[in-house]
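Text of the file data_18.txt, holding compact mmCIF, C-alpha atoms and all ligand atoms:
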```txt
# COMPACT_ATOMS: atom_id res chain seq x y z
CA MET A 248 49.96 -6.34 -24.10
CA GLN A 249 47.02 -6.79 -26.42
CA VAL A 250 47.77 -8.31 -29.81
CA LEU A 251 48.78 -5.31 -31.81
CA TRP A 252 48.02 -6.16 -35.37
CA GLN A 253 44.76 -7.94 -35.55
CA HIS A 254 42.60 -6.30 -38.12
CA VAL A 255 40.93 -7.35 -41.31
CA PRO A 256 42.30 -5.67 -44.44
CA SER A 257 40.82 -2.21 -44.82
CA PRO A 258 38.18 -2.09 -47.59
CA ILE A 259 38.58 -1.36 -51.27
CA GLN A 260 35.99 1.03 -52.69
CA GLU A 261 35.28 1.26 -56.40
CA PHE A 262 35.45 4.78 -57.71
CA ARG A 263 33.78 5.86 -60.93
CA HIS A 264 34.16 9.29 -62.49
CA PRO A 265 33.41 10.58 -66.01
CA LEU A 266 37.03 11.77 -66.38
CA LEU A 267 38.28 8.25 -65.74
CA ASP A 268 35.65 6.59 -67.91
CA ALA A 269 36.54 8.91 -70.78
CA ARG A 270 40.15 7.70 -70.64
CA GLY A 271 39.34 4.02 -70.17
CA LEU A 272 40.78 3.99 -66.65
CA SER A 273 39.59 2.02 -63.68
CA CYS A 274 40.09 3.27 -60.15
CA VAL A 275 39.69 1.98 -56.63
CA ILE A 276 40.25 3.68 -53.29
CA LYS A 277 42.05 1.77 -50.58
CA ARG A 278 40.00 3.00 -47.61
CA ASP A 279 42.76 2.68 -45.05
CA ASP A 280 41.01 5.47 -43.17
CA LEU A 281 38.43 2.82 -42.27
CA LEU A 282 41.00 0.45 -40.80
CA GLN A 283 39.89 -0.56 -37.35
CA LEU A 284 41.72 -2.59 -34.77
CA GLU A 285 39.38 -4.93 -32.94
CA PHE A 286 39.44 -3.03 -29.66
CA GLN A 287 39.74 0.45 -31.04
CA ALA A 288 36.15 1.54 -30.52
CA GLY A 289 35.75 4.05 -33.30
CA ASP A 290 38.90 6.12 -32.69
CA GLN A 291 39.48 7.88 -36.01
CA ALA A 292 42.93 9.18 -35.13
CA PHE A 293 44.69 5.85 -35.22
CA CYS A 294 44.04 4.48 -38.68
CA GLY A 295 45.43 4.78 -42.19
CA ASN A 296 49.13 5.41 -42.56
CA LYS A 297 49.34 6.41 -38.86
CA TRP A 298 48.68 2.86 -37.79
CA ARG A 299 50.94 1.45 -40.50
CA LYS A 300 53.79 3.70 -39.40
CA LEU A 301 53.38 3.19 -35.67
CA LYS A 302 52.79 -0.54 -35.58
CA TYR A 303 56.40 -1.81 -35.57
CA ASN A 304 57.55 1.20 -33.60
CA LEU A 305 55.17 0.32 -30.78
CA LEU A 306 56.51 -3.19 -30.73
CA GLU A 307 60.08 -1.95 -30.72
CA ALA A 308 59.30 0.49 -27.90
CA ARG A 309 57.87 -2.38 -25.90
CA ASN A 310 60.85 -4.62 -26.71
CA GLN A 311 63.23 -1.91 -25.52
CA GLY A 312 61.31 -1.66 -22.26
CA CYS A 313 60.26 1.94 -22.93
CA THR A 314 57.19 3.15 -21.10
CA ALA A 315 56.68 6.39 -23.01
CA LEU A 316 56.52 7.64 -26.59
CA LEU A 317 57.96 11.05 -27.44
CA THR A 318 57.41 12.69 -30.78
CA PHE A 319 57.21 15.97 -32.70
CA GLY A 320 54.62 17.77 -34.80
CA GLY A 321 52.64 20.86 -35.69
CA ALA A 322 49.48 21.86 -33.87
CA TYR A 323 47.27 20.10 -36.44
CA SER A 324 49.46 17.03 -36.81
CA ASN A 325 47.60 13.78 -37.43
CA HIS A 326 50.69 11.97 -36.22
CA ILE A 327 50.48 13.70 -32.82
CA ALA A 328 46.83 12.66 -32.48
CA ALA A 329 47.66 9.12 -33.57
CA THR A 330 50.59 8.78 -31.16
CA ALA A 331 48.44 10.06 -28.30
CA SER A 332 45.77 7.55 -29.19
CA ALA A 333 48.28 4.71 -29.54
CA GLY A 334 49.73 5.53 -26.13
CA LYS A 335 46.31 5.33 -24.56
CA LEU A 336 45.43 2.08 -26.34
CA PHE A 337 48.72 0.32 -25.64
CA GLY A 338 49.65 1.73 -22.25
CA PHE A 339 52.48 4.17 -23.02
CA ASP A 340 52.81 7.64 -21.57
CA THR A 341 53.03 10.15 -24.41
CA ILE A 342 54.99 13.36 -24.76
CA ALA A 343 54.81 15.76 -27.70
CA ILE A 344 57.03 18.60 -28.78
CA ILE A 345 54.72 20.97 -30.63
CA ARG A 346 56.00 23.50 -33.18
CA GLY A 347 55.26 27.12 -32.26
CA GLU A 348 53.66 28.94 -29.39
CA ALA A 349 50.86 27.55 -27.26
CA ALA A 350 47.46 28.92 -28.23
CA GLN A 351 45.15 30.13 -25.47
CA ILE A 352 42.55 27.57 -26.48
CA LEU A 353 43.65 24.15 -27.63
CA ASN A 354 42.54 23.18 -31.11
CA PRO A 355 40.59 19.90 -31.32
CA THR A 356 43.68 17.89 -32.40
CA LEU A 357 45.69 18.99 -29.37
CA GLN A 358 42.68 18.78 -27.12
CA PHE A 359 42.17 15.21 -28.24
CA ALA A 360 45.88 14.48 -27.62
CA GLN A 361 45.69 15.98 -24.16
CA GLU A 362 42.54 14.06 -23.34
CA CYS A 363 44.43 10.89 -24.28
CA GLY A 364 46.95 11.87 -21.61
CA MET A 365 49.66 13.36 -23.82
CA ALA A 366 51.95 15.97 -22.26
CA LEU A 367 52.35 18.91 -24.66
CA HIS A 368 55.52 21.01 -24.78
CA TYR A 369 55.90 23.94 -27.13
CA TRP A 370 59.10 24.85 -28.92
CA SER A 371 59.55 28.08 -30.86
CA ARG A 372 59.76 27.59 -34.62
CA GLU A 373 63.48 28.26 -34.46
CA GLN A 374 64.09 25.74 -31.71
CA TYR A 375 61.83 23.25 -33.47
CA ARG A 376 64.06 23.31 -36.55
CA SER A 377 66.75 21.57 -34.49
CA LYS A 378 64.45 18.65 -33.60
CA ALA A 379 66.38 16.03 -35.57
CA GLU A 380 69.89 17.10 -34.54
CA PRO A 381 71.75 14.37 -32.65
CA ASP A 382 72.71 16.52 -29.67
CA VAL A 383 69.13 17.77 -29.27
CA LEU A 384 67.82 14.20 -29.40
CA ALA A 385 70.47 13.05 -26.94
CA LYS A 386 69.43 15.79 -24.53
CA LEU A 387 65.77 14.80 -24.81
CA GLN A 388 66.63 11.16 -24.27
CA LYS A 389 68.52 12.09 -21.12
CA GLN A 390 65.58 14.15 -19.92
CA TYR A 391 63.13 11.30 -20.69
CA PRO A 392 65.18 8.10 -20.31
CA GLN A 393 62.02 5.96 -20.42
CA ALA A 394 60.93 7.38 -23.79
CA TYR A 395 61.03 5.87 -27.24
CA ILE A 396 61.62 8.80 -29.58
CA LEU A 397 59.78 8.96 -32.88
CA PRO A 398 60.67 11.52 -35.55
CA GLU A 399 58.19 14.05 -36.90
CA GLY A 400 55.50 12.24 -38.87
CA GLY A 401 56.76 8.96 -37.42
CA SER A 402 58.75 8.25 -40.58
CA ASN A 403 61.63 5.93 -39.72
CA ALA A 404 62.75 2.51 -40.97
CA LEU A 405 60.14 0.65 -38.89
CA ALA A 406 57.42 2.95 -40.23
CA LEU A 407 58.47 2.04 -43.77
CA ARG A 408 58.12 -1.62 -42.88
CA GLY A 409 54.51 -1.09 -41.82
CA CYS A 410 53.76 0.82 -45.03
CA ALA A 411 55.42 -1.91 -47.10
CA GLU A 412 52.85 -4.29 -45.60
CA LEU A 413 50.11 -1.98 -46.81
CA ALA A 414 51.40 -2.46 -50.37
CA GLU A 415 51.23 -6.24 -49.91
CA GLU A 416 47.73 -5.98 -48.52
CA ILE A 417 46.59 -3.96 -51.53
CA LEU A 418 48.18 -6.27 -54.10
CA ALA A 419 46.41 -9.21 -52.47
CA GLN A 420 43.07 -7.40 -52.86
CA VAL A 421 43.16 -5.83 -56.33
CA PRO A 422 45.28 -5.74 -59.48
CA VAL A 423 47.14 -2.42 -59.61
CA ASP A 424 49.20 -0.59 -62.21
CA TYR A 425 49.48 2.75 -60.39
CA LEU A 426 49.39 3.20 -56.63
CA CYS A 427 48.85 6.86 -55.71
CA VAL A 428 49.45 8.32 -52.26
CA SER A 429 49.87 11.70 -50.62
CA CYS A 430 53.31 12.82 -49.41
CA GLY A 431 54.16 14.82 -46.31
CA THR A 432 57.44 13.52 -44.96
CA GLY A 433 57.52 10.93 -47.78
CA GLY A 434 57.70 7.96 -45.38
CA THR A 435 54.47 6.36 -46.56
CA LEU A 436 55.50 6.57 -50.22
CA ALA A 437 58.93 5.16 -49.40
CA GLY A 438 57.38 2.19 -47.57
CA LEU A 439 54.96 1.52 -50.41
CA VAL A 440 57.83 1.63 -52.91
CA GLN A 441 59.65 -0.96 -50.82
CA GLY A 442 56.58 -3.14 -50.50
CA LEU A 443 55.72 -2.98 -54.19
CA ALA A 444 59.29 -3.81 -55.16
CA GLY A 445 58.57 -2.71 -58.72
CA ARG A 446 55.35 -4.75 -59.12
CA ALA A 447 53.31 -1.59 -59.73
CA ALA A 448 54.23 2.07 -60.09
CA ALA A 449 53.99 4.23 -56.96
CA TRP A 450 53.27 7.93 -57.37
CA GLY A 451 53.54 10.32 -54.44
CA PHE A 452 51.55 13.55 -54.63
CA SER A 453 53.18 16.22 -52.53
CA ALA A 454 51.00 18.16 -50.08
CA LEU A 455 53.81 20.70 -49.75
CA LYS A 456 55.49 23.10 -52.13
CA GLY A 457 58.82 22.00 -53.56
CA ASP A 458 60.36 18.95 -55.20
CA PHE A 459 62.43 17.68 -52.27
CA HIS A 460 60.55 14.39 -51.99
CA GLN A 461 62.60 12.77 -54.75
CA ASP A 462 65.77 13.06 -52.68
CA VAL A 463 64.08 12.35 -49.37
CA VAL A 464 62.40 9.16 -50.57
CA ARG A 465 65.52 7.97 -52.40
CA GLU A 466 67.44 8.38 -49.17
CA MET A 467 64.78 6.53 -47.16
CA ILE A 468 64.76 3.50 -49.47
CA ALA A 469 68.56 3.38 -49.86
CA PRO A 470 70.67 1.39 -50.37
CA LYS A 471 68.12 -0.34 -52.61
CA ASN A 472 67.27 1.67 -55.68
CA TRP A 473 63.72 0.44 -56.31
CA PRO A 474 62.40 1.24 -59.77
CA ASN A 475 59.01 2.48 -60.83
CA TRP A 476 58.17 5.37 -58.56
CA ASP A 477 57.83 9.09 -58.99
CA THR A 478 56.66 12.21 -57.24
CA VAL A 479 54.06 14.71 -58.48
CA THR A 480 54.55 18.27 -57.31
CA ASP A 481 51.79 20.24 -59.07
CA TYR A 482 48.93 19.76 -56.61
CA HIS A 483 50.01 21.43 -53.37
CA PHE A 484 47.40 24.20 -53.84
CA GLY A 485 49.70 26.93 -52.57
CA GLY A 486 51.50 24.93 -49.90
CA TYR A 487 50.99 22.88 -46.79
CA ALA A 488 47.58 23.33 -45.14
CA LYS A 489 46.41 25.87 -47.72
CA THR A 490 42.75 25.30 -48.41
CA PRO A 491 41.58 27.35 -51.39
CA VAL A 492 37.89 27.38 -52.29
CA GLU A 493 38.52 25.28 -55.40
CA LEU A 494 39.82 22.48 -53.20
CA LEU A 495 36.92 22.75 -50.75
CA ASP A 496 34.45 22.64 -53.66
CA PHE A 497 36.21 19.55 -54.97
CA MET A 498 35.92 17.94 -51.53
CA ALA A 499 32.17 18.56 -51.54
CA GLU A 500 31.96 16.95 -54.98
CA MET A 501 33.85 13.89 -53.73
CA GLU A 502 31.75 13.68 -50.58
CA ALA A 503 28.71 13.45 -52.86
CA CYS A 504 30.44 10.47 -54.53
CA ASP A 505 30.70 8.78 -51.13
CA LEU A 506 34.34 9.71 -50.70
CA PRO A 507 35.06 11.86 -47.61
CA LEU A 508 38.42 13.60 -47.88
CA GLU A 509 40.34 16.23 -45.94
CA PRO A 510 42.07 19.20 -47.54
CA ILE A 511 45.63 18.81 -46.23
CA TYR A 512 46.52 15.53 -47.92
CA THR A 513 43.87 13.34 -49.49
CA ALA A 514 41.81 15.96 -51.35
CA LYS A 515 44.94 17.29 -53.06
CA LEU A 516 45.89 13.74 -53.97
CA MET A 517 42.51 12.87 -55.46
CA TYR A 518 42.32 16.15 -57.33
CA GLY A 519 45.77 15.44 -58.76
CA VAL A 520 44.87 11.90 -59.80
CA LEU A 521 41.80 13.08 -61.71
CA ASP A 522 43.67 15.97 -63.31
CA ILE A 523 46.49 13.74 -64.43
CA ALA A 524 43.95 11.30 -65.82
CA LYS A 525 42.35 14.17 -67.74
CA LYS A 526 45.74 15.11 -69.17
CA GLY A 527 46.25 11.55 -70.40
CA ARG A 528 49.25 10.66 -68.24
CA PHE A 529 47.85 7.25 -67.33
CA PRO A 530 47.83 4.93 -70.35
CA ALA A 531 44.32 3.75 -71.34
CA GLY A 532 43.32 0.59 -69.51
CA SER A 533 45.43 1.41 -66.43
CA ARG A 534 44.20 0.24 -63.06
CA ILE A 535 44.71 2.94 -60.47
CA CYS A 536 44.55 2.52 -56.71
CA VAL A 537 44.42 5.66 -54.55
CA VAL A 538 45.37 5.21 -50.90
CA HIS A 539 43.11 7.01 -48.44
CA THR A 540 45.55 7.59 -45.59
CA GLY A 541 43.01 8.96 -43.11
CA GLY A 542 43.36 12.33 -41.40
CA LEU A 543 39.63 12.99 -41.28
CA GLN A 544 39.71 13.68 -37.55
CA GLY A 545 42.27 16.45 -38.15
CA TRP A 546 39.96 18.10 -40.67
CA LYS A 547 37.10 18.09 -38.22
CA GLY A 548 39.50 19.95 -35.97
CA LYS A 549 40.51 22.48 -38.58
CA LYS A 550 36.92 23.07 -39.71
C1 LIG B 601 46.23 11.80 -43.76
C2 LIG B 601 47.66 11.83 -44.16
N1 LIG B 601 47.98 11.43 -45.39
C3 LIG B 601 49.26 11.43 -45.82
C4 LIG B 601 50.28 11.85 -45.01
C5 LIG B 601 51.67 11.87 -45.53
O1 LIG B 601 52.41 10.81 -45.00
P1 LIG B 601 53.99 10.88 -44.99
O2 LIG B 601 54.38 11.89 -43.96
O3 LIG B 601 54.39 9.52 -44.63
O4 LIG B 601 54.43 11.30 -46.35
C6 LIG B 601 50.00 12.28 -43.71
C7 LIG B 601 51.08 12.72 -42.83
O5 LIG B 601 51.14 12.49 -41.68
C8 LIG B 601 48.65 12.27 -43.27
O6 LIG B 601 48.32 12.67 -42.03
```

As structure tokens - that is how I would like this structure written.
Ligand SMILES: Cc1ncc(COP(=O)(O)O)c(C=O)c1O
Amino acid sequence: MQVLWQHVPSPIQEFRHPLLDARGLSCVIKRDDLLQLEFQAGDQAFCGNKWRKLKYNLLEARNQGCTALLTFGGAYSNHIAATASAGKLFGFDTIAIIRGEAAQILNPTLQFAQECGMALHYWSREQYRSKAEPDVLAKLQKQYPQAYILPEGGSNALALRGCAELAEEILAQVPVDYLCVSCGTGGTLAGLVQGLAGRAAAWGFSALKGDFHQDVVREMIAPKNWPNWDTVTDYHFGGYAKTPVELLDFMAEMEACDLPLEPIYTAKLMYGVLDIAKKGRFPAGSRICVVHTGGLQGWKGKK
């Protein structure tokens, strides 16, 4: 197997904005979307938090002698695309359980997954809700004995370990007071909280409606009760995958500042960071680092 983790640290990009200057704040973007493994050849699906979350899982799959990866996701899931890509790169078969009915024409995310060799199976929304139940997982494992099963979004203990390394990587590159990241399942935030171990604050900006991330993340990092983290729930823009014009306009503004974002996660995050700065929630002089978790290939698909 090729060496899995050889890559240089993903770059840090300085980010200037009048709103930040007015409050005496400095800001950098951790461009983890630009993370490239040596042999990856420009594959945009397998970067950012996807790589961080899959890295130790791929090793574990290999250690267990599994020859396939099986996971779950929606039709536009970046995690599905990343798992398909990882399977192709590292020689695993890949199987996906997709939420909802099959569309007549595959969207670009699923088309990409299929081109990577992933087998796609569709579960009704009702059936999909049972995806984490032990008896359902046991049945799947029996059906695919060679498969290493990853939860939706890939967020398990090994994923947190990879994200904790991201925190270390950032702290070695720049001084940080506030590390800001987008939250879907909350796994990336939980891993960053573990990695920071209180050395900087971690704020998770939810891409979904609701304030469930507090409980979810607390559970993921248990039994340790790491201090210095919080969730921000005001920037979901109407809910998961909602893309109002205001958000699209903001993305165009950021693109002009040399910061390409996508509307599901990272644009909401960046909008939230600037709005919170405007409202004075970061003390003057704070050093903010925003994590760009990738997902740009999914946006191309949705566009
Ligand atoms: C680009 C991007 N950013 C952030 C997230 C949220 O990560 P998590 O599910 O670990 O909270 C995701 C989810 O997969 C994502 O695709």

query: If you count all atoms listed in the file, which residues end up within 7 Å of ligand LIG 601 (chain B), as a PyMOL selection string?
result: chain A and resi 296-297+324-326+400+402+429-436+512-513+540-542

- request: Kindly provide, as JSON, numbers by chain, the polymer residues lying within 12 Å of (36.9, 21.5, -49.6), counting all atoms listed in the file and using the coordinates exactly as they appear in the file.
  value: {"A": [484, 488, 489, 490, 491, 492, 493, 494, 495, 496, 497, 498, 499, 500, 501, 502, 503, 507, 508, 509, 510, 511, 512, 513, 514, 515, 517, 518, 546, 547, 549, 550]}

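Rounded to one decimal, CA of Glu380 (chain A) and CA of Leu316 (chain A) lie 18.2 Å from each other.
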
- line: Across A:His368, A:Leu506, A:Asn403, A:Cys536, the smallest distance to Trp450 (chain A), with all atoms listed in the file counted, is shown by A:Cys536

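For the atom pair formed by CA of Glu362 (chain A) and CA of Asp340 (chain A), the distance is 12.2 Å, given to one decimal.
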
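Here CA of Gln361 (chain A) and CA of His254 (chain A) stand 26.5 Å from one another.
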
task: Give the answer as one residue: which of A:Gln544, A:Lys389, A:Leu397, A:Trp370 has the shortest atom-to-atom distance to Thr341 (chain A), using all atoms listed in the file?
output: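 Checking each candidate against Thr341 (chain A), we get A:Leu397 as the closest.
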
task: May I have the protein, DNA and RNA residues with an atom at most 7 Å from (46.3, 12.0, -32.8), counting only C-alpha atoms in the file's coordinates, returned as a PyMOL selection string?
output: chain A and resi 292-293+325-332+356+359-360

message: Env of Pro265 (chain A): 10 Å cut, atoms = only C-alpha atoms, seq-sep filter 5 positions within chain, self excluded. Answer as a list in words.
response: Arg270, Gly271, Leu272, Leu521 and Lys525 of chain A

Can you tell me which residues surround Ala315 (chain A) at a distance of at most 8 Å, considering only C-alpha atoms, apart from same-chain residues fewer than 5 positions away, and format the answer as a PDB file with C-alpha atoms, keeping the file's coordinate frame?
```pdb
ATOM      1  CA  GLY A 334      49.730   5.530 -26.130  1.00  0.00           C
ATOM      2  CA  PHE A 339      52.480   4.170 -23.020  1.00  0.00           C
ATOM      3  CA  ASP A 340      52.810   7.640 -21.570  1.00  0.00           C
ATOM      4  CA  THR A 341      53.030  10.150 -24.410  1.00  0.00           C
ATOM      5  CA  ILE A 342      54.990  13.360 -24.760  1.00  0.00           C
ATOM      6  CA  GLN A 393      62.020   5.960 -20.420  1.00  0.00           C
ATOM      7  CA  ALA A 394      60.930   7.380 -23.790  1.00  0.00           C
ATOM      8  CA  TYR A 395      61.030   5.870 -27.240  1.00  0.00           C
TER       9      TYR A 395
END
```

task: Select, from A:Leu306, A:Ile345, A:Ile276, A:Val255, the residue with the minimum atom-to-atom distance to Arg534 (chain A), counting all atoms listed in the file.
output: A:Ile276

task: Rank A:Gly451, A:Gly321, A:Gly295, A:Pro392 by their smallest atom-to-atom distance to Cys410 (chain A), using all atoms listed in the file, and report the top residue only.
output: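 Answer, going by the shortest atom-to-atom distance: A:Gly295.
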
task: Fewer than 3 positions away in the same chain doesn't count, so skip those; otherwise give me all residues within 9 Å of Val479 (chain A), counting only C-alpha atoms, as a ChimeraX atom specification.
output: /A:450-453,458,482,519
